[in-house]
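As stored in query_2.cif (mmCIF, C-alpha atoms):
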data_structure
#
loop_
_atom_site.label_atom_id
_atom_site.label_comp_id
_atom_site.auth_asym_id
_atom_site.auth_seq_id
_atom_site.Cartn_x
_atom_site.Cartn_y
_atom_site.Cartn_z
CA MET A 264 -31.89 -29.56 -3.71
CA GLN A 265 -32.85 -27.80 -6.91
CA CYS A 266 -31.46 -24.54 -5.62
CA ILE A 267 -28.04 -26.16 -5.18
CA HIS A 268 -28.24 -27.63 -8.67
CA PHE A 269 -29.07 -24.19 -10.09
CA ARG A 270 -26.04 -22.64 -8.38
CA GLU A 271 -23.76 -25.30 -9.78
CA ASN A 272 -24.98 -24.54 -13.30
CA ALA A 273 -24.58 -20.81 -12.71
CA MET A 274 -20.97 -21.31 -11.68
CA THR A 275 -20.10 -23.32 -14.78
CA ASP A 276 -21.57 -20.62 -17.04
CA GLN A 277 -19.05 -18.01 -15.88
CA ILE A 278 -16.66 -16.64 -18.48
CA GLN A 279 -13.13 -17.83 -17.92
CA PRO A 280 -10.14 -15.67 -18.87
CA VAL A 281 -8.22 -16.76 -21.94
CA THR A 282 -5.17 -18.79 -21.02
CA THR A 283 -1.97 -19.16 -22.97
CA SER A 284 -0.38 -22.53 -23.64
CA SER A 285 1.76 -22.07 -20.52
CA GLY A 286 -1.35 -21.92 -18.34
CA LEU A 287 -0.90 -18.24 -17.41
CA SER A 288 -3.98 -16.20 -18.33
CA GLU A 289 -3.51 -13.13 -20.45
CA ASN A 290 -4.98 -11.02 -17.63
CA SER A 291 -2.34 -12.35 -15.22
CA ALA A 292 0.47 -11.82 -17.72
CA GLY A 293 -0.73 -8.29 -18.42
CA GLY A 294 -0.80 -7.46 -14.71
CA LEU A 295 2.53 -9.13 -13.98
CA ALA A 296 4.17 -7.04 -16.71
CA TYR A 297 3.86 -4.01 -14.41
CA LEU A 298 5.74 -5.47 -11.44
CA THR A 299 9.06 -4.32 -12.91
CA PHE A 300 10.35 -3.90 -16.43
CA ILE A 301 11.91 -7.40 -16.27
CA PRO A 302 8.66 -9.43 -16.65
CA ALA A 303 7.61 -6.97 -19.36
CA ILE A 304 10.76 -7.71 -21.35
CA ILE A 305 10.33 -11.45 -20.78
CA PHE A 306 6.75 -11.30 -22.09
CA LEU A 307 7.93 -9.43 -25.20
CA VAL A 308 10.56 -12.09 -25.91
CA MET A 309 8.90 -15.37 -24.91
CA GLU A 310 6.38 -17.30 -26.93
CA PRO A 311 3.32 -17.35 -26.78
CA TYR A 312 3.15 -14.04 -24.90
CA ASN A 313 4.88 -12.05 -27.63
CA ARG A 314 2.04 -12.88 -30.05
CA ASN A 315 -0.77 -11.68 -27.79
CA PRO A 316 -1.68 -8.00 -28.42
CA PHE A 317 -3.15 -7.55 -24.92
CA ILE A 318 0.02 -8.77 -23.21
CA LYS A 319 2.26 -6.85 -25.62
CA PHE A 320 0.33 -3.63 -24.93
CA HIS A 321 0.76 -3.94 -21.16
CA ALA A 322 4.41 -4.99 -21.49
CA TRP A 323 5.23 -1.98 -23.68
CA GLN A 324 3.24 0.38 -21.48
CA SER A 325 5.11 -0.92 -18.44
CA ILE A 326 8.50 -0.38 -20.08
CA LEU A 327 7.59 3.11 -21.28
CA PHE A 328 6.07 4.02 -17.91
CA THR A 329 9.26 2.90 -16.17
CA GLY A 330 11.27 5.05 -18.60
CA ALA A 331 9.07 8.06 -17.86
CA TRP A 332 9.49 7.52 -14.13
CA VAL A 333 13.29 7.27 -14.45
CA ALA A 334 13.34 10.45 -16.55
CA TRP A 335 11.25 12.23 -13.88
CA VAL A 336 13.65 11.11 -11.14
CA ILE A 337 16.64 12.41 -13.12
CA VAL A 338 14.93 15.77 -13.76
CA ARG A 339 13.89 15.97 -10.12
CA VAL A 340 17.44 15.39 -8.89
CA ILE A 341 19.00 17.86 -11.33
CA LEU A 342 16.45 20.58 -10.61
CA GLY A 343 16.59 19.79 -6.90
CA ILE A 344 20.30 20.55 -6.94
CA ALA A 345 19.82 23.66 -9.06
CA LEU A 346 16.89 24.94 -6.98
CA HIS A 347 18.32 24.09 -3.59
CA PHE A 348 17.13 27.41 -2.16
CA ILE A 349 13.44 26.44 -2.60
CA TRP A 350 13.85 22.82 -1.59
CA LEU A 351 10.59 22.63 0.38
CA LEU A 352 8.49 23.64 -2.65
CA TRP A 353 10.43 21.26 -4.87
CA PHE A 354 9.98 18.46 -2.33
CA ALA A 355 6.20 19.04 -2.34
CA ILE A 356 6.04 19.04 -6.14
CA GLY A 357 8.11 15.86 -6.23
CA ALA A 358 5.82 14.18 -3.72
CA VAL A 359 2.68 15.05 -5.72
CA VAL A 360 4.16 13.86 -9.01
CA GLY A 361 5.48 10.70 -7.33
CA LEU A 362 2.02 10.00 -5.91
CA ALA A 363 0.51 10.48 -9.38
CA PHE A 364 2.98 7.96 -10.84
CA PHE A 365 2.12 5.50 -8.07
CA ILE A 366 -1.64 5.85 -8.59
CA LEU A 367 -1.31 5.44 -12.37
CA TRP A 368 0.81 2.33 -11.81
CA LEU A 369 -1.76 0.81 -9.43
CA VAL A 370 -4.67 1.57 -11.77
CA ALA A 371 -2.79 0.02 -14.71
CA ILE A 372 -2.09 -3.16 -12.72
CA VAL A 373 -5.67 -3.53 -11.49
CA GLN A 374 -7.11 -2.89 -14.96
CA ALA A 375 -4.73 -5.41 -16.56
CA PHE A 376 -5.63 -8.09 -14.01
CA ASN A 377 -9.30 -7.37 -14.79
CA GLY A 378 -8.71 -7.84 -18.51
CA LYS A 379 -9.03 -4.18 -19.48
CA LYS A 380 -6.71 -1.89 -21.41
CA PHE A 381 -6.08 1.20 -19.33
CA SER A 382 -4.17 3.57 -21.53
CA ILE A 383 -1.87 5.92 -19.64
CA PRO A 384 -1.93 9.34 -21.36
CA VAL A 385 0.77 9.71 -24.05
CA ILE A 386 2.48 6.45 -23.05
CA GLY A 387 -0.57 4.32 -23.88
CA ALA A 388 -0.71 5.54 -27.49
CA ILE A 389 2.95 4.68 -28.02
CA ALA A 390 2.47 1.28 -26.36
CA GLU A 391 -0.53 0.58 -28.61
CA LYS A 392 1.55 1.31 -31.72
CA GLN A 393 4.34 -0.98 -30.50
CA ALA A 394 1.94 -3.77 -29.57
CA ASN A 395 0.33 -3.74 -33.00
CA SER A 396 3.56 -3.60 -34.97
#

Representation of the structure as structure tokens:
Amino acid sequence: MQCIHFRENAMTDQIQPVTTSSGLSENSAGGLAYLTFIPAIIFLVMEPYNRNPFIKFHAWQSILFTGAWVAWVIVRVILGIALHFIWLLWFAIGAVVGLAFFILWLVAIVQAFNGKKFSIPVIGAIAEKQANS
């Protein structure tokens, strides 16, 4: 019996994530910001999310990351048309860069849901400035 009582006490001593007044934890909001740019914009506009630096950082990083991805797609299409004679090499480069974007996106989501700030190179520094302004 005492062993069961000990486990109950151990479970109540766990650290709970900080929740906003809406009931959504900041970890959840930070992770959800990466699903598309739409939740990120909503979190930057809606109270109380727009006052939380952790959520603002992930929302800004998500928006900037989406912008970088769109810019890459545009460059890839334009250069793909211009370099049509080496399409196989360009396809391989595009696949590697696309995979890198996907992996960065997944790492950012997992880290946000775990309550950590994963700063994507270059984009993370800009997001940090925006979140603290």

#### Entry: Straight-line distance linking atom CA of Ser325 of chain A with atom CA of Ala296 of chain A, stated in Å to one decimal
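Separation between atom CA of Ser325 of chain A and atom CA of Ala296 of chain A: 6.4 Å.
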
#### Entry: Coordinates-based distance that separates atom CA of Glu289 of chain A from atom CA of Lys379 of chain A (Å, one decimal)
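So the two atoms, atom CA of Lys379 of chain A and atom CA of Glu289 of chain A, lie 10.6 Å apart.
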
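Reported to one decimal place, the separation of atom CA of Val360 of chain A from atom CA of Phe317 of chain A is 27.7 Å.
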
### Message
Restricting the calculation to all atoms listed in the file: of A:Leu287, A:Ile301, A:Val336, A:Leu307, which residue gets closest to Ala358 of chain A?
### Response
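Of all the options, A:Val336 lies closest to Ala358 of chain A.
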
Would you translate the PyMOL selection byres ((chain A and resi 304) around 12) into the concrete set of residues it matches in this file, as a PDB file with C-alpha atoms, keeping the file's coordinate frame?
ATOM      1  CA  ALA A 292       0.470 -11.820 -17.720  1.00  0.00           C
ATOM      2  CA  GLY A 293      -0.730  -8.290 -18.420  1.00  0.00           C
ATOM      3  CA  LEU A 295       2.530  -9.130 -13.980  1.00  0.00           C
ATOM      4  CA  ALA A 296       4.170  -7.040 -16.710  1.00  0.00           C
ATOM      5  CA  TYR A 297       3.860  -4.010 -14.410  1.00  0.00           C
ATOM      6  CA  LEU A 298       5.740  -5.470 -11.440  1.00  0.00           C
ATOM      7  CA  THR A 299       9.060  -4.320 -12.910  1.00  0.00           C
ATOM      8  CA  PHE A 300      10.350  -3.900 -16.430  1.00  0.00           C
ATOM      9  CA  ILE A 301      11.910  -7.400 -16.270  1.00  0.00           C
ATOM     10  CA  PRO A 302       8.660  -9.430 -16.650  1.00  0.00           C
ATOM     11  CA  ALA A 303       7.610  -6.970 -19.360  1.00  0.00           C
ATOM     12  CA  ILE A 305      10.330 -11.450 -20.780  1.00  0.00           C
ATOM     13  CA  PHE A 306       6.750 -11.300 -22.090  1.00  0.00           C
ATOM     14  CA  LEU A 307       7.930  -9.430 -25.200  1.00  0.00           C
ATOM     15  CA  VAL A 308      10.560 -12.090 -25.910  1.00  0.00           C
ATOM     16  CA  MET A 309       8.900 -15.370 -24.910  1.00  0.00           C
ATOM     17  CA  GLU A 310       6.380 -17.300 -26.930  1.00  0.00           C
ATOM     18  CA  TYR A 312       3.150 -14.040 -24.900  1.00  0.00           C
ATOM     19  CA  ASN A 313       4.880 -12.050 -27.630  1.00  0.00           C
ATOM     20  CA  ILE A 318       0.020  -8.770 -23.210  1.00  0.00           C
ATOM     21  CA  LYS A 319       2.260  -6.850 -25.620  1.00  0.00           C
ATOM     22  CA  PHE A 320       0.330  -3.630 -24.930  1.00  0.00           C
ATOM     23  CA  HIS A 321       0.760  -3.940 -21.160  1.00  0.00           C
ATOM     24  CA  ALA A 322       4.410  -4.990 -21.490  1.00  0.00           C
ATOM     25  CA  TRP A 323       5.230  -1.980 -23.680  1.00  0.00           C
ATOM     26  CA  GLN A 324       3.240   0.380 -21.480  1.00  0.00           C
ATOM     27  CA  SER A 325       5.110  -0.920 -18.440  1.00  0.00           C
ATOM     28  CA  ILE A 326       8.500  -0.380 -20.080  1.00  0.00           C
ATOM     29  CA  LEU A 327       7.590   3.110 -21.280  1.00  0.00           C
ATOM     30  CA  THR A 329       9.260   2.900 -16.170  1.00  0.00           C
TER      31      THR A 329
END

### Selected residue of minimal separation from Phe364 of chain A among A:Gly330, A:Leu342, A:Pro311, A:Phe376, counting all atoms listed in the file
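Among the listed residues, the smallest separation from Phe364 of chain A belongs to A:Gly330.
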